[in-house]
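To be precise, the following lines are data.cif, and they hold mmCIF, C-alpha atoms.
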```
data_protein
loop_
_atom_site.label_atom_id
_atom_site.label_comp_id
_atom_site.auth_asym_id
_atom_site.auth_seq_id
_atom_site.Cartn_x
_atom_site.Cartn_y
_atom_site.Cartn_z
CA MET D 1 28.69 -32.07 8.27
CA LYS D 2 29.52 -31.68 4.57
CA CYS D 3 25.96 -32.70 3.67
CA ALA D 4 24.56 -30.07 6.04
CA THR D 5 26.74 -27.41 4.42
CA LEU D 6 25.53 -28.40 0.95
CA ILE D 7 21.92 -28.29 2.12
CA ALA D 8 22.47 -24.86 3.69
CA GLN D 9 24.01 -23.55 0.47
CA ALA D 10 21.16 -24.96 -1.61
CA LEU D 11 18.61 -23.37 0.70
CA LEU D 12 20.44 -20.05 0.53
CA LEU D 13 20.42 -20.18 -3.27
CA LEU D 14 16.72 -21.05 -3.25
CA SER D 15 15.98 -18.15 -0.89
CA CYS D 16 17.81 -15.75 -3.22
CA LEU D 17 15.80 -16.98 -6.21
CA LEU D 18 12.51 -16.71 -4.31
CA ALA D 19 13.41 -13.33 -2.85
CA ILE D 20 13.12 -11.58 -6.24
CA PRO D 21 9.37 -12.14 -6.75
CA ILE D 22 8.74 -11.44 -3.07
CA ALA D 23 10.73 -8.19 -3.27
CA ASN D 24 8.67 -7.14 -6.28
CA ALA D 25 5.62 -7.10 -4.03
CA PHE D 26 7.27 -4.39 -1.91
CA VAL D 27 8.00 -1.99 -4.78
CA GLY D 28 4.60 -1.82 -6.40
CA VAL D 29 5.02 -4.24 -9.27
CA SER D 30 1.58 -5.59 -8.46
CA LYS D 31 -1.21 -3.56 -10.04
CA ALA D 32 -3.85 -4.80 -7.58
CA PRO D 33 -6.21 -2.13 -6.28
CA TYR D 34 -5.93 -0.95 -2.71
CA LYS D 35 -7.48 -3.35 -0.26
CA ASN D 36 -7.47 -2.72 3.43
CA GLY D 37 -7.30 -6.00 5.34
CA VAL D 38 -8.73 -4.60 8.55
CA SER D 39 -11.47 -2.07 8.25
CA LEU D 40 -13.93 -0.31 10.49
CA ASN D 41 -16.57 -1.83 8.20
CA MET D 42 -16.22 -4.91 10.37
CA VAL D 43 -17.36 -2.90 13.40
CA PHE D 44 -19.75 -0.32 11.98
CA GLY D 45 -20.69 1.30 8.70
CA LYS D 46 -20.51 4.77 7.23
CA ASP D 47 -23.93 5.71 8.67
CA THR D 48 -22.69 5.03 12.19
CA ALA D 49 -19.48 6.94 11.53
CA LEU D 50 -21.55 9.89 10.28
CA ALA D 51 -23.81 9.78 13.34
CA ILE D 52 -20.82 9.76 15.69
CA GLU D 53 -19.19 12.66 13.85
CA LYS D 54 -22.46 14.61 13.82
CA ARG D 55 -22.89 14.24 17.59
CA LYS D 56 -19.26 15.01 18.29
CA ASP D 57 -19.25 18.41 16.54
CA PRO D 58 -22.49 19.32 14.72
CA LYS D 59 -21.22 22.68 13.42
CA ALA D 60 -18.04 21.22 11.90
CA PHE D 61 -20.05 18.33 10.45
CA GLU D 62 -22.53 20.68 8.80
CA ALA D 63 -19.74 22.91 7.48
CA THR D 64 -17.99 19.88 5.96
CA ILE D 65 -21.18 18.65 4.29
CA GLN D 66 -21.98 22.13 2.94
CA ASN D 67 -18.43 22.51 1.63
CA LEU D 68 -18.61 19.13 -0.12
CA MET D 69 -21.95 20.04 -1.66
CA LYS D 70 -20.58 23.33 -2.94
CA THR D 71 -17.13 22.25 -4.16
CA LYS D 72 -18.06 18.86 -5.62
CA LYS D 73 -21.58 19.85 -6.72
CA LEU D 74 -23.18 16.98 -4.79
CA THR D 75 -26.60 16.53 -3.24
CA ARG D 76 -26.77 16.32 0.54
CA ALA D 77 -27.18 12.53 0.42
CA GLN D 78 -24.17 12.17 -1.90
CA ALA D 79 -22.04 14.47 0.27
CA GLU D 80 -22.96 12.53 3.43
CA LYS D 81 -22.22 9.23 1.69
CA ARG D 82 -18.82 10.52 0.54
CA TYR D 83 -17.97 11.92 3.98
CA GLY D 84 -19.04 8.66 5.62
CA GLU D 85 -16.75 6.69 3.32
CA PHE D 86 -13.91 9.06 4.21
CA LEU D 87 -14.55 8.71 7.96
CA LEU D 88 -14.60 4.93 7.70
CA ASP D 89 -11.30 4.56 5.84
CA PRO D 90 -9.42 7.83 5.17
CA ASP D 91 -6.38 6.17 3.57
CA GLY D 92 -8.42 3.90 1.33
CA PHE D 93 -10.68 6.82 0.40
CA ALA D 94 -7.69 8.93 -0.68
CA LEU D 95 -6.14 6.07 -2.65
CA LYS D 96 -9.42 5.30 -4.41
CA ALA D 97 -9.97 9.00 -5.21
CA ALA D 98 -6.44 9.30 -6.63
CA GLU D 99 -6.96 6.14 -8.69
CA ALA D 100 -10.27 7.44 -10.05
CA GLU D 101 -8.66 10.78 -10.95
CA ARG D 102 -5.78 9.00 -12.65
CA LYS D 103 -8.12 6.80 -14.69
CA GLU D 104 -10.28 9.79 -15.57
CA MET D 105 -7.21 11.53 -16.98
CA GLY D 106 -6.36 8.41 -19.02
CA TYR D 107 -3.15 7.30 -17.29
CA LYS D 108 -2.34 3.61 -16.94
CA ASP D 109 -0.67 3.84 -13.52
CA TRP D 110 0.82 6.33 -11.04
CA GLU D 111 4.24 6.14 -12.67
CA GLU D 112 2.90 7.13 -16.07
CA MET D 113 1.02 10.05 -14.48
CA ALA D 114 4.07 11.23 -12.51
CA ILE D 115 6.25 11.08 -15.61
CA ALA D 116 3.69 12.90 -17.77
CA ARG D 117 3.17 15.68 -15.20
CA SER D 118 6.89 16.17 -14.66
CA ASP D 119 8.87 19.09 -16.08
CA ASP D 120 11.65 16.65 -16.99
CA PRO D 121 9.97 13.31 -17.85
CA GLU D 122 13.18 11.42 -18.59
CA ALA D 123 14.76 12.40 -15.25
CA THR D 124 11.56 11.44 -13.42
CA ARG D 125 11.45 8.05 -15.15
CA GLU D 126 15.09 7.49 -14.22
CA ARG D 127 14.48 8.46 -10.56
CA ILE D 128 11.50 6.10 -10.30
CA THR D 129 13.42 3.23 -11.89
CA LYS D 130 16.44 3.85 -9.66
CA PHE D 131 14.22 3.99 -6.55
CA LYS D 132 12.44 0.73 -7.45
CA ASN D 133 15.68 -1.10 -8.25
CA LYS D 134 17.39 0.13 -5.08
CA ASN D 135 14.50 -0.98 -2.88
CA ARG D 136 14.11 -4.30 -4.69
CA THR D 137 17.80 -4.97 -4.06
CA ARG D 138 17.45 -3.97 -0.41
CA GLY D 139 14.50 -6.31 -0.01
CA ILE D 140 16.38 -9.21 -1.56
CA ILE D 141 19.42 -8.58 0.65
CA ILE D 142 17.37 -8.28 3.85
CA MET D 143 15.37 -11.45 3.16
CA SER D 144 18.50 -13.36 2.16
CA VAL D 145 20.37 -12.31 5.32
CA PHE D 146 17.50 -13.34 7.58
CA PHE D 147 17.05 -16.63 5.76
CA ALA D 148 20.79 -17.36 5.90
CA ALA D 149 20.81 -16.53 9.62
CA ALA D 150 17.89 -18.92 10.20
CA VAL D 151 19.59 -21.69 8.22
CA ALA D 152 22.92 -21.13 9.99
CA SER D 153 21.18 -21.16 13.37
CA SER D 154 19.35 -24.40 12.57
CA ILE D 155 22.62 -26.00 11.43
CA MET D 156 24.53 -24.90 14.53
CA ASN D 157 21.65 -25.82 16.87
CA PRO D 158 19.98 -28.87 15.35
CA TYR D 159 16.73 -30.11 16.81
CA VAL D 160 17.28 -33.09 19.05
CA PRO D 161 14.08 -34.92 19.96
CA PRO D 162 13.57 -35.42 23.70
CA GLY D 163 15.02 -38.66 24.99
CA ASN D 164 17.82 -38.92 22.40
#
```
Take the structure in the file and give it back as structure tokens.
Amino acid sequence: MKCATLIAQALLLLSCLLAIPIANAFVGVSKAPYKNGVSLNMVFGKDTALAIEKRKDPKAFEATIQNLMKTKKLTRAQAEKRYGEFLLDPDGFALKAAEAERKEMGYKDWEEMAIARSDDPEATRERITKFKNKNRTRGIIIMSVFFAAAVASSIMNPYVPPGN
């Protein structure tokens, strides 16, 4: 029983050490671009999405295309392409547009842009840091508790092969 306790403690320590890099993934430490794992691209493309939208409400479709052409100074083909991309993946479209705008303005990441645009940059930097640290700590605690519960459960209910 003492050996099992030592193993459980070692596993708990290991889970705490591994929880830090895993928690970093949940607070945006990774700078990877947005990637949507499941997309309508697997089912149909932007041309199909445009055709469906056009048949659903032709007047609204035309108004949207005309508005895009006017506000963004696009050709009809460019406006339809942009609208099709939006229809296919609205969240990804918004994230990509925000990233392009941020890069166009010369900011390294969203934090730098938020701090630069703030009326009180130091307070904004402090709030962002506090938010990230608080959520990193929460993530570590949650993962550690679940791992400890799993280890404790496996110790209290060890696997006994059938026939033994």
Quiz item: Written as an MDAnalysis selection string, which residues does the PyMOL selection byres ((chain D and resi 53-66) around 12) give for the file shown?
Solution: chainID D and resid 46:52 67:84 86:88
Quiz item: Any chance you could work out the residue set of the PyMOL selection byres ((chain D and resi 108-113) around 10) here, as a PyMOL selection string?
Solution: chain D and resi 31+98-99+102-103+105-107+114-118+121+124-125+128-129
Exercise. Could you please determine the separation between atom CA of Asp89 of chain D and atom CA of Asn135 of chain D in Å, to one decimal place?
Key: 27.8 Å
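Nearest residue to Ile155 of chain D among D:Ala100, D:Leu95, D:Met143, D:Ile7 is D:Ile7, counting all atoms listed in the file.
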Quiz item: Which value, in Å to one decimal, gives the distance between atom CA of Ala148 of chain D and atom CA of Arg136 of chain D?
Solution: 18.1 Å
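You will find atom CA of Phe131 of chain D at 21.1 Å from atom CA of Val145 of chain D.
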Mind rebuilding segment 93-129 of chain D with N, CA and C atoms and writing that out as a short mmCIF file (atom, residue, chain, number, x, y, z; two decimals), in the coordinates of the input?
```cif
data_model
loop_
_atom_site.label_atom_id
_atom_site.label_comp_id
_atom_site.auth_asym_id
_atom_site.auth_seq_id
_atom_site.Cartn_x
_atom_site.Cartn_y
_atom_site.Cartn_z
N PHE D 93 -9.90 5.81 1.13
CA PHE D 93 -10.68 6.82 0.40
C PHE D 93 -9.75 7.66 -0.48
N ALA D 94 -8.63 8.10 0.08
CA ALA D 94 -7.69 8.93 -0.68
C ALA D 94 -7.08 8.14 -1.84
N LEU D 95 -6.73 6.89 -1.59
CA LEU D 95 -6.14 6.07 -2.65
C LEU D 95 -7.15 5.82 -3.78
N LYS D 96 -8.39 5.54 -3.40
CA LYS D 96 -9.42 5.30 -4.41
C LYS D 96 -9.70 6.57 -5.21
N ALA D 97 -9.73 7.72 -4.53
CA ALA D 97 -9.97 9.00 -5.21
C ALA D 97 -8.83 9.30 -6.18
N ALA D 98 -7.60 9.05 -5.75
CA ALA D 98 -6.44 9.30 -6.63
C ALA D 98 -6.48 8.36 -7.83
N GLU D 99 -6.87 7.11 -7.59
CA GLU D 99 -6.96 6.14 -8.69
C GLU D 99 -8.05 6.55 -9.68
N ALA D 100 -9.19 7.00 -9.17
CA ALA D 100 -10.27 7.44 -10.05
C ALA D 100 -9.85 8.65 -10.88
N GLU D 101 -9.15 9.59 -10.24
CA GLU D 101 -8.66 10.78 -10.95
C GLU D 101 -7.66 10.38 -12.03
N ARG D 102 -6.78 9.46 -11.69
CA ARG D 102 -5.78 9.00 -12.65
C ARG D 102 -6.44 8.34 -13.86
N LYS D 103 -7.42 7.49 -13.60
CA LYS D 103 -8.12 6.80 -14.69
C LYS D 103 -8.91 7.79 -15.53
N GLU D 104 -9.51 8.77 -14.86
CA GLU D 104 -10.28 9.79 -15.57
C GLU D 104 -9.40 10.57 -16.54
N MET D 105 -8.15 10.79 -16.14
CA MET D 105 -7.21 11.53 -16.98
C MET D 105 -6.58 10.64 -18.06
N GLY D 106 -6.83 9.32 -17.98
CA GLY D 106 -6.36 8.41 -19.02
C GLY D 106 -4.99 7.80 -18.79
N TYR D 107 -4.46 7.89 -17.57
CA TYR D 107 -3.15 7.30 -17.29
C TYR D 107 -3.30 5.85 -16.86
N LYS D 108 -2.32 5.03 -17.25
CA LYS D 108 -2.34 3.61 -16.94
C LYS D 108 -2.05 3.35 -15.46
N ASP D 109 -1.03 4.02 -14.92
CA ASP D 109 -0.67 3.84 -13.52
C ASP D 109 -0.05 5.13 -12.97
N TRP D 110 0.30 5.11 -11.69
CA TRP D 110 0.82 6.33 -11.04
C TRP D 110 2.15 6.76 -11.64
N GLU D 111 2.95 5.80 -12.08
CA GLU D 111 4.24 6.14 -12.67
C GLU D 111 4.05 6.94 -13.96
N GLU D 112 3.16 6.45 -14.81
CA GLU D 112 2.90 7.13 -16.07
C GLU D 112 2.40 8.56 -15.81
N MET D 113 1.54 8.73 -14.81
CA MET D 113 1.02 10.05 -14.48
C MET D 113 2.13 10.96 -13.95
N ALA D 114 2.98 10.43 -13.07
CA ALA D 114 4.07 11.23 -12.51
C ALA D 114 5.04 11.67 -13.61
N ILE D 115 5.32 10.77 -14.52
CA ILE D 115 6.25 11.08 -15.61
C ILE D 115 5.62 12.13 -16.54
N ALA D 116 4.35 11.96 -16.85
CA ALA D 116 3.69 12.90 -17.77
C ALA D 116 3.56 14.29 -17.16
N ARG D 117 3.34 14.37 -15.86
CA ARG D 117 3.17 15.68 -15.20
C ARG D 117 4.50 16.36 -14.89
N SER D 118 5.58 15.65 -15.02
CA SER D 118 6.89 16.17 -14.66
C SER D 118 7.40 17.19 -15.68
N ASP D 119 8.22 18.13 -15.18
CA ASP D 119 8.87 19.09 -16.08
C ASP D 119 9.96 18.41 -16.91
N ASP D 120 10.59 17.39 -16.31
CA ASP D 120 11.65 16.65 -16.99
C ASP D 120 11.29 15.16 -16.95
N PRO D 121 10.47 14.69 -17.89
CA PRO D 121 9.97 13.31 -17.85
C PRO D 121 11.06 12.24 -17.80
N GLU D 122 12.13 12.44 -18.56
CA GLU D 122 13.18 11.42 -18.59
C GLU D 122 13.87 11.30 -17.23
N ALA D 123 14.14 12.43 -16.57
CA ALA D 123 14.76 12.40 -15.25
C ALA D 123 13.83 11.75 -14.22
N THR D 124 12.53 12.03 -14.33
CA THR D 124 11.56 11.44 -13.42
C THR D 124 11.50 9.93 -13.61
N ARG D 125 11.47 9.49 -14.87
CA ARG D 125 11.45 8.05 -15.15
C ARG D 125 12.70 7.39 -14.58
N GLU D 126 13.83 8.04 -14.73
CA GLU D 126 15.09 7.49 -14.22
C GLU D 126 15.08 7.40 -12.69
N ARG D 127 14.56 8.47 -12.03
CA ARG D 127 14.48 8.46 -10.56
C ARG D 127 13.57 7.34 -10.07
N ILE D 128 12.43 7.16 -10.71
CA ILE D 128 11.50 6.10 -10.30
C ILE D 128 12.13 4.73 -10.49
N THR D 129 12.76 4.52 -11.62
CA THR D 129 13.42 3.23 -11.89
C THR D 129 14.54 2.96 -10.89
#
```
